[in-house]
>>> print(open('structure16.cif').read())   # mmCIF, C-alpha atoms and all ligand atoms
data_data
loop_
_atom_site.group_PDB
_atom_site.id
_atom_site.type_symbol
_atom_site.label_atom_id
_atom_site.label_comp_id
_atom_site.auth_asym_id
_atom_site.auth_seq_id
_atom_site.Cartn_x
_atom_site.Cartn_y
_atom_site.Cartn_z
ATOM 1 C CA MET A 1 -17.125 33.310 -0.010
ATOM 2 C CA SER A 2 -14.379 30.697 0.039
ATOM 3 C CA GLU A 3 -14.795 27.353 -1.678
ATOM 4 C CA SER A 4 -15.878 24.349 0.421
ATOM 5 C CA ILE A 5 -13.786 21.175 0.676
ATOM 6 C CA GLY A 6 -16.389 19.242 -1.335
ATOM 7 C CA GLU A 7 -16.471 21.896 -4.075
ATOM 8 C CA ALA A 8 -12.678 21.909 -4.269
ATOM 9 C CA ARG A 9 -12.650 18.111 -4.588
ATOM 10 C CA ARG A 10 -15.210 18.146 -7.407
ATOM 11 C CA ALA A 11 -13.407 20.957 -9.237
ATOM 12 C CA LEU A 12 -10.080 19.157 -9.002
ATOM 13 C CA ALA A 13 -11.635 15.883 -10.221
ATOM 14 C CA ALA A 14 -13.123 17.755 -13.206
ATOM 15 C CA GLN A 15 -9.717 19.268 -13.976
ATOM 16 C CA PHE A 16 -8.072 15.819 -13.808
ATOM 17 C CA ARG A 17 -10.852 14.295 -15.958
ATOM 18 C CA GLY A 18 -10.342 17.028 -18.542
ATOM 19 C CA ALA A 19 -6.630 16.210 -18.597
ATOM 20 C CA GLY A 20 -7.437 12.549 -19.338
ATOM 21 C CA LEU A 21 -6.162 11.048 -16.054
ATOM 22 C CA ASP A 22 -7.303 7.454 -15.414
ATOM 23 C CA SER A 23 -8.837 7.886 -11.953
ATOM 24 C CA PRO A 24 -9.697 11.583 -11.551
ATOM 25 C CA GLU A 25 -12.091 11.271 -8.571
ATOM 26 C CA LEU A 26 -9.772 9.038 -6.575
ATOM 27 C CA ASP A 27 -6.706 11.167 -7.333
ATOM 28 C CA ALA A 28 -8.525 14.352 -6.297
ATOM 29 C CA ARG A 29 -9.741 12.757 -3.084
ATOM 30 C CA ILE A 30 -6.301 11.446 -2.103
ATOM 31 C CA LEU A 31 -4.500 14.716 -2.867
ATOM 32 C CA ILE A 32 -7.008 16.920 -1.055
ATOM 33 C CA GLY A 33 -7.055 14.490 1.875
ATOM 34 C CA HIS A 34 -3.247 14.659 1.944
ATOM 35 C CA ALA A 35 -3.234 18.478 1.920
ATOM 36 C CA LEU A 36 -5.710 18.544 4.797
ATOM 37 C CA GLY A 37 -4.240 15.574 6.715
ATOM 38 C CA MET A 38 -7.626 13.808 6.515
ATOM 39 C CA ASP A 39 -8.549 10.239 5.610
ATOM 40 C CA HIS A 40 -11.467 9.370 3.329
ATOM 41 C CA THR A 41 -14.063 9.337 6.107
ATOM 42 C CA ALA A 42 -12.927 12.634 7.640
ATOM 43 C CA LEU A 43 -12.843 14.263 4.203
ATOM 44 C CA ALA A 44 -16.421 13.193 3.448
ATOM 45 C CA ALA A 45 -17.585 14.472 6.857
ATOM 46 C CA ALA A 46 -15.886 17.843 6.268
ATOM 47 C CA ALA A 47 -17.285 18.357 2.725
ATOM 48 C CA THR A 48 -19.213 21.537 3.558
ATOM 49 C CA GLN A 49 -16.413 23.210 5.545
ATOM 50 C CA PRO A 50 -14.604 26.143 3.895
ATOM 51 C CA LEU A 51 -11.103 25.620 2.588
ATOM 52 C CA ALA A 52 -8.390 27.881 4.064
ATOM 53 C CA ALA A 53 -6.424 29.919 1.492
ATOM 54 C CA SER A 54 -3.134 28.281 2.571
ATOM 55 C CA VAL A 55 -4.591 24.817 1.868
ATOM 56 C CA THR A 56 -5.927 25.981 -1.516
ATOM 57 C CA ALA A 57 -2.365 26.969 -2.436
ATOM 58 C CA SER A 58 -0.895 23.644 -1.350
ATOM 59 C CA ILE A 59 -3.602 21.729 -3.280
ATOM 60 C CA ALA A 60 -2.690 23.723 -6.384
ATOM 61 C CA GLY A 61 0.941 22.657 -5.950
ATOM 62 C CA LEU A 62 -0.004 18.978 -5.578
ATOM 63 C CA ALA A 63 -2.370 19.193 -8.579
ATOM 64 C CA ALA A 64 0.374 20.683 -10.766
ATOM 65 C CA ARG A 65 2.655 17.735 -9.936
ATOM 66 C CA ARG A 66 -0.130 15.261 -10.792
ATOM 67 C CA LEU A 67 -0.876 17.033 -14.068
ATOM 68 C CA ALA A 68 2.848 16.867 -14.910
ATOM 69 C CA GLY A 69 2.574 13.060 -14.734
ATOM 70 C CA GLU A 70 3.798 12.265 -11.209
ATOM 71 C CA PRO A 71 1.856 9.311 -9.738
ATOM 72 C CA VAL A 72 -0.342 10.119 -6.736
ATOM 73 C CA ALA A 73 1.481 7.586 -4.539
ATOM 74 C CA ARG A 74 4.797 9.353 -5.277
ATOM 75 C CA ILE A 75 3.302 12.747 -4.405
ATOM 76 C CA VAL A 76 1.840 11.655 -1.077
ATOM 77 C CA GLY A 77 4.600 9.089 -0.291
ATOM 78 C CA ALA A 78 2.142 6.313 0.518
ATOM 79 C CA LYS A 79 0.154 3.570 -1.169
ATOM 80 C CA GLU A 80 -2.528 1.188 0.063
ATOM 81 C CA PHE A 81 -1.857 -2.514 -0.541
ATOM 82 C CA TRP A 82 -3.875 -5.386 0.898
ATOM 83 C CA GLY A 83 -5.813 -2.803 2.952
ATOM 84 C CA LEU A 84 -2.584 -1.638 4.659
ATOM 85 C CA SER A 85 -0.870 1.713 4.210
ATOM 86 C CA PHE A 86 2.729 1.491 2.934
ATOM 87 C CA ILE A 87 5.322 4.272 2.942
ATOM 88 C CA VAL A 88 6.856 4.649 -0.523
ATOM 89 C CA THR A 89 9.990 6.604 -1.419
ATOM 90 C CA PRO A 90 11.870 6.910 -4.734
ATOM 91 C CA ALA A 91 13.870 3.797 -3.685
ATOM 92 C CA VAL A 92 10.903 1.424 -3.979
ATOM 93 C CA LEU A 93 8.350 0.321 -6.529
ATOM 94 C CA VAL A 94 4.841 1.566 -5.741
ATOM 95 C CA PRO A 95 3.002 -1.659 -4.759
ATOM 96 C CA ARG A 96 0.483 -2.585 -7.465
ATOM 97 C CA PRO A 97 -3.038 -3.989 -7.043
ATOM 98 C CA GLU A 98 -2.195 -6.958 -9.299
ATOM 99 C CA THR A 99 0.538 -8.003 -6.849
ATOM 100 C CA GLU A 100 -2.266 -8.858 -4.406
ATOM 101 C CA THR A 101 -2.707 -11.935 -6.660
ATOM 102 C CA VAL A 102 0.588 -13.271 -5.214
ATOM 103 C CA VAL A 103 -0.709 -12.803 -1.665
ATOM 104 C CA GLU A 104 -4.033 -14.456 -2.569
ATOM 105 C CA LEU A 105 -2.385 -17.477 -4.170
ATOM 106 C CA ALA A 106 0.091 -17.915 -1.299
ATOM 107 C CA LEU A 107 -2.725 -17.773 1.269
ATOM 108 C CA ALA A 108 -4.846 -20.223 -0.758
ATOM 109 C CA LEU A 109 -1.956 -22.721 -0.762
ATOM 110 C CA ILE A 110 -1.352 -22.236 2.968
ATOM 111 C CA ASP A 111 -5.067 -22.753 3.660
ATOM 112 C CA ARG A 112 -4.985 -25.952 1.599
ATOM 113 C CA GLN A 113 -2.261 -27.358 3.883
ATOM 114 C CA GLY A 114 -3.616 -26.438 7.313
ATOM 115 C CA LYS A 115 -4.285 -23.635 9.771
ATOM 116 C CA ARG A 116 -3.079 -20.047 9.341
ATOM 117 C CA THR A 117 -1.725 -20.153 12.903
ATOM 118 C CA ARG A 118 1.205 -22.407 11.968
ATOM 119 C CA ALA A 119 4.708 -21.019 12.678
ATOM 120 C CA LEU A 120 5.477 -20.639 8.967
ATOM 121 C CA ARG A 121 8.816 -19.299 7.685
ATOM 122 C CA ILE A 122 8.521 -16.994 4.687
ATOM 123 C CA ALA A 123 11.114 -15.392 2.387
ATOM 124 C CA ASP A 124 10.361 -12.462 0.045
ATOM 125 C CA LEU A 125 13.025 -12.026 -2.644
ATOM 126 C CA GLY A 126 13.219 -8.440 -3.960
ATOM 127 C CA THR A 127 11.029 -7.135 -1.154
ATOM 128 C CA GLY A 128 11.041 -3.400 -2.087
ATOM 129 C CA SER A 129 8.576 -1.701 0.292
ATOM 130 C CA GLY A 130 7.974 -5.079 1.971
ATOM 131 C CA ALA A 131 4.428 -5.111 0.595
ATOM 132 C CA ILE A 132 4.020 -8.843 -0.120
ATOM 133 C CA LEU A 133 5.800 -10.099 2.986
ATOM 134 C CA LEU A 134 4.081 -7.681 5.380
ATOM 135 C CA ALA A 135 0.647 -8.363 3.843
ATOM 136 C CA LEU A 136 1.226 -12.092 4.413
ATOM 137 C CA LEU A 137 2.428 -11.582 8.000
ATOM 138 C CA SER A 138 -0.693 -9.491 8.676
ATOM 139 C CA GLU A 139 -2.766 -12.598 7.814
ATOM 140 C CA LEU A 140 -0.544 -15.231 9.464
ATOM 141 C CA PRO A 141 -0.216 -14.397 13.173
ATOM 142 C CA ASP A 142 2.536 -16.904 14.027
ATOM 143 C CA ALA A 143 4.563 -16.674 10.828
ATOM 144 C CA SER A 144 7.930 -14.946 10.546
ATOM 145 C CA GLY A 145 9.705 -13.681 7.476
ATOM 146 C CA ILE A 146 12.827 -12.369 5.861
ATOM 147 C CA GLY A 147 12.914 -9.964 2.943
ATOM 148 C CA THR A 148 15.912 -9.448 0.676
ATOM 149 C CA ASP A 149 16.767 -6.669 -1.735
ATOM 150 C CA ILE A 150 19.905 -5.414 -3.451
ATOM 151 C CA ASP A 151 19.017 -1.840 -2.515
ATOM 152 C CA LEU A 152 19.824 -0.736 1.046
ATOM 153 C CA GLN A 153 17.484 2.250 0.767
ATOM 154 C CA ALA A 154 14.606 -0.038 -0.215
ATOM 155 C CA LEU A 155 15.362 -2.227 2.815
ATOM 156 C CA ALA A 156 15.201 0.859 5.055
ATOM 157 C CA VAL A 157 11.712 1.610 3.682
ATOM 158 C CA ALA A 158 10.623 -1.999 4.249
ATOM 159 C CA ARG A 159 11.837 -1.788 7.868
ATOM 160 C CA ARG A 160 9.893 1.433 8.441
ATOM 161 C CA ASN A 161 6.775 -0.213 7.006
ATOM 162 C CA ALA A 162 7.227 -3.232 9.284
ATOM 163 C CA GLU A 163 7.452 -0.904 12.283
ATOM 164 C CA THR A 164 4.485 1.246 11.266
ATOM 165 C CA LEU A 165 2.349 -1.849 10.711
ATOM 166 C CA GLY A 166 3.378 -3.385 14.052
ATOM 167 C CA LEU A 167 5.033 -6.390 12.380
ATOM 168 C CA ALA A 168 8.723 -5.620 13.045
ATOM 169 C CA ALA A 169 9.120 -8.337 15.703
ATOM 170 C CA ARG A 170 8.399 -11.067 13.154
ATOM 171 C CA VAL A 171 10.445 -9.853 10.210
ATOM 172 C CA GLY A 172 14.045 -9.259 9.189
ATOM 173 C CA PHE A 173 15.456 -7.532 6.101
ATOM 174 C CA LEU A 174 18.753 -8.420 4.505
ATOM 175 C CA ARG A 175 20.765 -7.086 1.598
ATOM 176 C CA GLY A 176 21.413 -9.859 -0.890
ATOM 177 C CA ASP A 177 21.031 -11.175 -4.411
ATOM 178 C CA TYR A 178 17.541 -12.771 -4.255
ATOM 179 C CA GLY A 179 17.886 -15.938 -2.114
ATOM 180 C CA SER A 180 21.627 -16.479 -2.460
ATOM 181 C CA ALA A 181 22.494 -15.387 1.090
ATOM 182 C CA LEU A 182 19.580 -17.194 2.767
ATOM 183 C CA GLN A 183 19.402 -20.497 4.554
ATOM 184 C CA GLY A 184 16.266 -22.586 4.455
ATOM 185 C CA PRO A 185 14.078 -24.334 5.027
ATOM 186 C CA PHE A 186 11.226 -21.974 4.108
ATOM 187 C CA ASP A 187 7.564 -22.966 3.956
ATOM 188 C CA LEU A 188 6.905 -20.192 1.474
ATOM 189 C CA ILE A 189 9.059 -18.103 -0.857
ATOM 190 C CA VAL A 190 7.382 -15.178 -2.608
ATOM 191 C CA SER A 191 8.738 -12.759 -5.167
ATOM 192 C CA ASN A 192 7.632 -10.019 -7.487
ATOM 193 C CA PRO A 193 10.968 -9.622 -9.276
ATOM 194 C CA PRO A 194 11.894 -7.124 -11.999
ATOM 195 C CA TYR A 195 10.462 -8.688 -15.161
ATOM 196 C CA VAL A 196 10.433 -6.106 -17.947
ATOM 197 C CA ALA A 197 12.662 -7.031 -20.905
ATOM 198 C CA ARG A 198 15.294 -4.281 -21.150
ATOM 199 C CA ARG A 199 14.315 -3.236 -24.676
ATOM 200 C CA ASP A 200 10.698 -2.676 -23.482
ATOM 201 C CA ILE A 201 11.549 -0.262 -20.643
ATOM 202 C CA GLU A 202 11.690 2.774 -22.935
ATOM 203 C CA GLY A 203 8.112 2.076 -24.100
ATOM 204 C CA LEU A 204 6.583 1.833 -20.596
ATOM 205 C CA ALA A 205 4.050 4.440 -19.453
ATOM 206 C CA PRO A 206 5.953 7.548 -18.237
ATOM 207 C CA GLU A 207 4.378 7.184 -14.776
ATOM 208 C CA VAL A 208 6.216 3.853 -14.455
ATOM 209 C CA ARG A 209 9.355 4.476 -16.542
ATOM 210 C CA ASP A 210 10.147 7.875 -15.031
ATOM 211 C CA HIS A 211 9.198 7.188 -11.412
ATOM 212 C CA ASP A 212 9.758 3.528 -10.446
ATOM 213 C CA PRO A 213 13.409 2.627 -9.702
ATOM 214 C CA PRO A 214 15.125 1.110 -12.802
ATOM 215 C CA HIS A 215 16.408 -1.921 -10.845
ATOM 216 C CA ALA A 216 12.798 -2.701 -9.852
ATOM 217 C CA LEU A 217 11.835 -3.013 -13.538
ATOM 218 C CA ASP A 218 14.836 -4.326 -15.472
ATOM 219 C CA GLY A 219 14.492 -8.067 -16.009
ATOM 220 C CA GLY A 220 17.516 -8.395 -18.305
ATOM 221 C CA THR A 221 17.497 -8.988 -22.061
ATOM 222 C CA ASP A 222 14.478 -11.329 -22.069
ATOM 223 C CA GLY A 223 12.801 -10.260 -18.804
ATOM 224 C CA LEU A 224 13.549 -13.646 -17.212
ATOM 225 C CA ALA A 225 16.919 -13.045 -15.504
ATOM 226 C CA ALA A 226 15.445 -12.840 -12.004
ATOM 227 C CA TYR A 227 13.361 -16.013 -12.474
ATOM 228 C CA ARG A 228 16.529 -17.927 -13.437
ATOM 229 C CA ALA A 229 18.273 -16.736 -10.270
ATOM 230 C CA ILE A 230 15.244 -17.506 -8.088
ATOM 231 C CA ALA A 231 14.707 -20.922 -9.710
ATOM 232 C CA SER A 232 18.300 -21.855 -8.997
ATOM 233 C CA ASP A 233 17.995 -20.890 -5.282
ATOM 234 C CA ALA A 234 14.478 -22.164 -4.556
ATOM 235 C CA PRO A 235 15.032 -25.969 -4.514
ATOM 236 C CA ARG A 236 17.769 -25.497 -1.872
ATOM 237 C CA LEU A 237 15.646 -23.111 0.212
ATOM 238 C CA LEU A 238 12.213 -24.781 0.163
ATOM 239 C CA GLY A 239 11.350 -27.186 2.958
ATOM 240 C CA PRO A 240 9.190 -30.281 2.441
ATOM 241 C CA GLY A 241 5.824 -29.189 1.050
ATOM 242 C CA GLY A 242 7.163 -25.625 0.646
ATOM 243 C CA ARG A 243 5.941 -23.398 -2.169
ATOM 244 C CA LEU A 244 7.435 -20.691 -4.350
ATOM 245 C CA VAL A 245 4.928 -18.065 -5.566
ATOM 246 C CA VAL A 246 6.125 -15.513 -8.126
ATOM 247 C CA GLU A 247 4.431 -12.657 -9.928
ATOM 248 C CA ILE A 248 4.812 -12.620 -13.710
ATOM 249 C CA GLY A 249 4.324 -10.019 -16.420
ATOM 250 C CA ALA A 250 1.642 -10.171 -19.107
ATOM 251 C CA GLY A 251 2.374 -12.983 -21.570
ATOM 252 C CA GLN A 252 5.227 -14.505 -19.518
ATOM 253 C CA GLU A 253 3.378 -17.585 -18.212
ATOM 254 C CA ARG A 254 4.924 -20.243 -20.480
ATOM 255 C CA HIS A 255 8.421 -18.704 -20.312
ATOM 256 C CA VAL A 256 8.447 -18.459 -16.513
ATOM 257 C CA GLU A 257 7.006 -21.967 -16.129
ATOM 258 C CA ARG A 258 9.772 -23.339 -18.359
ATOM 259 C CA THR A 259 12.407 -21.399 -16.384
ATOM 260 C CA LEU A 260 11.139 -22.756 -13.057
ATOM 261 C CA ILE A 261 10.987 -26.316 -14.393
ATOM 262 C CA GLN A 262 14.542 -25.995 -15.733
ATOM 263 C CA GLY A 263 15.588 -24.934 -12.206
ATOM 264 C CA GLY A 264 14.220 -28.222 -10.843
ATOM 265 C CA LEU A 265 10.735 -27.165 -9.686
ATOM 266 C CA ALA A 266 7.274 -28.511 -10.504
ATOM 267 C CA ILE A 267 4.420 -26.104 -11.388
ATOM 268 C CA ASP A 268 1.633 -26.265 -8.843
ATOM 269 C CA ALA A 269 -0.908 -23.512 -9.609
ATOM 270 C CA VAL A 270 -1.538 -20.360 -11.639
ATOM 271 C CA ARG A 271 -3.737 -17.449 -10.549
ATOM 272 C CA HIS A 272 -5.183 -14.738 -12.769
ATOM 273 C CA ASP A 273 -5.606 -11.069 -11.883
ATOM 274 C CA LEU A 274 -8.784 -8.991 -12.204
ATOM 275 C CA LEU A 275 -8.083 -8.414 -15.910
ATOM 276 C CA GLY A 276 -7.942 -12.192 -16.474
ATOM 277 C CA LEU A 277 -4.154 -12.249 -17.035
ATOM 278 C CA ALA A 278 -2.061 -15.074 -15.566
ATOM 279 C CA ARG A 279 -0.303 -13.090 -12.836
ATOM 280 C CA ALA A 280 1.033 -15.489 -10.190
ATOM 281 C CA ILE A 281 2.615 -18.928 -10.560
ATOM 282 C CA ALA A 282 3.189 -21.363 -7.702
ATOM 283 C CA ALA A 283 5.826 -24.071 -7.859
ATOM 284 C CA THR A 284 7.130 -26.711 -5.505
ATOM 285 C CA ARG A 285 10.016 -29.144 -5.168
ATOM 286 C CA PRO A 286 9.017 -32.309 -6.962
ATOM 287 C CA ALA A 287 8.595 -35.366 -4.717
ATOM 288 C CA ALA A 288 11.892 -37.331 -4.593
HETATM 289 C C1 LIG A 301 9.267 -5.247 -9.021
HETATM 290 S S1 LIG A 301 10.059 -4.698 -7.538
HETATM 291 C C2 LIG A 301 8.975 -5.476 -6.332
HETATM 292 C C3 LIG A 301 8.949 -4.803 -4.990
HETATM 293 C C4 LIG A 301 7.905 -5.392 -4.033
HETATM 294 N N1 LIG A 301 8.177 -6.782 -3.766
HETATM 295 C C5 LIG A 301 6.492 -5.244 -4.604
HETATM 296 O O1 LIG A 301 5.936 -6.249 -5.059
HETATM 297 O O2 LIG A 301 5.962 -4.133 -4.592
HETATM 298 C C6 LIG A 301 11.506 -5.702 -7.537
HETATM 299 C C7 LIG A 301 12.468 -5.494 -6.372
HETATM 300 O O3 LIG A 301 13.581 -6.379 -6.574
HETATM 301 C C8 LIG A 301 14.765 -5.724 -6.172
HETATM 302 N N2 LIG A 301 15.895 -6.374 -6.843
HETATM 303 C C9 LIG A 301 16.388 -6.155 -8.093
HETATM 304 N N3 LIG A 301 17.414 -6.965 -8.330
HETATM 305 C C10 LIG A 301 17.596 -7.721 -7.221
HETATM 306 C C11 LIG A 301 18.527 -8.742 -6.847
HETATM 307 N N4 LIG A 301 19.472 -9.155 -7.683
HETATM 308 N N5 LIG A 301 18.402 -9.301 -5.612
HETATM 309 C C12 LIG A 301 17.441 -8.889 -4.765
HETATM 310 N N6 LIG A 301 16.534 -7.911 -5.053
HETATM 311 C C13 LIG A 301 16.629 -7.347 -6.259
HETATM 312 C C14 LIG A 301 14.539 -4.275 -6.549
HETATM 313 O O4 LIG A 301 15.390 -3.422 -5.820
HETATM 314 C C15 LIG A 301 13.050 -4.099 -6.223
HETATM 315 O O5 LIG A 301 12.877 -3.653 -4.910
#
>>> encode(input="structure16.cif", output="structure tokens")
Amino acid sequence: MSESIGEARRALAAQFRGAGLDSPELDARILIGHALGMDHTALAAAATQPLAASVTASIAGLAARRLAGEPVARIVGAKEFWGLSFIVTPAVLVPRPETETVVELALALIDRQGKRTRALRIADLGTGSGAILLALLSELPDASGIGTDIDLQALAVARRNAETLGLAARVGFLRGDYGSALQGPFDLIVSNPPYVARRDIEGLAPEVRDHDPPHALDGGTDGLAAYRAIASDAPRLLGPGGRLVVEIGAGQERHVERTLIQGGLAIDAVRHDLLGLARAIAATRPAA
């Protein structure tokens, strides 16, 4: 008798657990769901159904890629962020859960200033898949945004995500060096720039080092190159009361704060991620 979908999922999770993967159950569920074209709910409902031999073969192929160290999001070409499904290709960073801290802090600051239905103007510098900007637009019904990136292929992915999520009418994507080609005023500027010091890239986990695009990681010799560029653009681009919210790497809080202050900004707030690490910093133009 052929194996059921539920049995296959449990067996694959056990295989992943034995190989020491971090999230064996979740990985098994996503890969089997992908092979069957089923979401989580459909997969659970179909647990007792038999698995066709052709699907068993394609699951084995997906499992081999996972066991060789390829991240699940790369295998299936999609990643959930802020409860939304994003297309990911080799041109973009896989959106990370900790980046939701940037979205949370930006929304908290917007809420502090008024209603979410304001016609806010948002810029996302180094937009990649568009994750931060599109998550914000999903929460702010009358806001519009522009995302920049140096990589044309990344911008094409961001555009596809905007279309798939039904947000394309409120967003534009532009090739450019952070904010240098933009004109303000913006109510909000967000960025999760490359922030890994170049000498540290070699020591990153293989899932990151070998699969995320190098220009999404490389923050220059000290990891702060992008913050310097963003800090020099932000005072020109922020409107009155506008905020810059940036993601930072572990241990970068003091360095990034100093960089933003040197660029002419005042630090407004810091938010920690679920591990308790300072992960997002908000800054504003100081009052004249
Ligand atoms: C860490 S990734 C973040 C992607 C996305 N915002 C996210 O949070 O998932 C940084 C992004 O910055 C882009 N980038 C690198 N250098 C840049 C530059 N000089 N100007 C604009 N974007 C740049 C990369 O191509 C990459 O998409």
>>> resolve_selection(input="structure16.cif", expression="the PyMOL selection byres (((chain A and resi 170) around 12) and not hetatm)", output="list in words")
Ala119, Leu120, Arg121, Ile122, Ala123, Leu133, Leu134, Leu136, Leu137, Ser138, Leu140, Pro141, Asp142, Ala143, Ser144, Gly145, Ile146, Gly147, Arg159, Ala162, Glu163, Leu165, Gly166, Leu167, Ala168, Ala169, Val171, Gly172 and Phe173 of chain A
>>> write_last_selection(input="structure16.cif", atoms="C-alpha atoms", output="compact mmCIF listing (two decimals), in the coordinates of the input")
# COMPACT_ATOMS: atom_id res chain seq x y z
CA ALA A 119 4.71 -21.02 12.68
CA LEU A 120 5.48 -20.64 8.97
CA ARG A 121 8.82 -19.30 7.68
CA ILE A 122 8.52 -16.99 4.69
CA ALA A 123 11.11 -15.39 2.39
CA LEU A 133 5.80 -10.10 2.99
CA LEU A 134 4.08 -7.68 5.38
CA LEU A 136 1.23 -12.09 4.41
CA LEU A 137 2.43 -11.58 8.00
CA SER A 138 -0.69 -9.49 8.68
CA LEU A 140 -0.54 -15.23 9.46
CA PRO A 141 -0.22 -14.40 13.17
CA ASP A 142 2.54 -16.90 14.03
CA ALA A 143 4.56 -16.67 10.83
CA SER A 144 7.93 -14.95 10.55
CA GLY A 145 9.70 -13.68 7.48
CA ILE A 146 12.83 -12.37 5.86
CA GLY A 147 12.91 -9.96 2.94
CA ARG A 159 11.84 -1.79 7.87
CA ALA A 162 7.23 -3.23 9.28
CA GLU A 163 7.45 -0.90 12.28
CA LEU A 165 2.35 -1.85 10.71
CA GLY A 166 3.38 -3.38 14.05
CA LEU A 167 5.03 -6.39 12.38
CA ALA A 168 8.72 -5.62 13.04
CA ALA A 169 9.12 -8.34 15.70
CA VAL A 171 10.44 -9.85 10.21
CA GLY A 172 14.04 -9.26 9.19
CA PHE A 173 15.46 -7.53 6.10
>>> resolve_selection(input="structure16.cif", expression="the PyMOL selection byres (((not hetatm)) within 7 of (chain A and resi 301))", output="MDAnalysis selection string")
chainID A and resid 92:96 99 125:132 148:151 154 176:178 191:194 215:217 226
>>> closest_residue(input="structure16.cif", among="A:Asp210, A:Thr259, A:Ile201, A:Ala35", to="Ala57 in chain A", atoms="all atoms listed in the file")
A:Ala35
>>> residues_around(input="structure16.cif", residues="Arg198 in chain A", least_positions_apart="3", cutoff="6 Å", atoms="all atoms listed in the file", output="number ranges by chain")
A: 201, 218, 220-221
>>> closest_residue(input="structure16.cif", among="A:Leu31, A:Ala44, A:Leu67, A:Ala283", to="Phe16 in chain A", atoms="all atoms listed in the file")
A:Leu67
>>> atom_distance(input="structure16.cif", atom1="CA of Ala47 in chain A", atom2="CA of Glu7 in chain A")
7.7 Å
>>> atom_distance(input="structure16.cif", atom1="CA of Ala229 in chain A", atom2="CA of Gly263 in chain A")
8.8 Å
>>> residues_near_point(input="structure16.cif", point="(-18.6, 20.4, 2.5)", cutoff="12 Å", atoms="all atoms listed in the file", output="list in words")
Ser2, Glu3, Ser4, Ile5, Gly6, Glu7, Ala8, Arg9, Arg10, Ala42, Leu43, Ala44, Ala45, Ala46, Ala47, Thr48, Gln49, Pro50 and Leu51 of chain A
>>> closest_residue(input="structure16.cif", among="A:Ser23, A:Ser180, A:Asn161, A:Gln252", to="Ala135 in chain A", atoms="all atoms listed in the file")
A:Asn161
>>> resolve_selection(input="structure16.cif", expression="the PyMOL selection byres (((chain A and resi 236) around 10) and not hetatm)", output="ChimeraX atom specification")
/A:179-180,182-186,231-235,237-239,285
>>> atom_distance(input="structure16.cif", atom1="CA of Ala68 in chain A", atom2="CA of Tyr195 in chain A")
26.7 Å
>>> closest_residue(input="structure16.cif", among="A:Leu265, A:Leu12, A:Val196, A:Gly276", to="Arg209 in chain A", atoms="all atoms listed in the file")
A:Val196
>>> closest_residue(input="structure16.cif", among="A:Val76, A:Ala158, A:Leu26, A:Ile281", to="Leu174 in chain A", atoms="all atoms listed in the file")
A:Ala158
>>> residues_around(input="structure16.cif", residues="His211 in chain A", least_positions_apart="5", cutoff="10 Å", atoms="all atoms listed in the file", output="ChimeraX atom specification")
/A:69-71,74,90-94,205-206
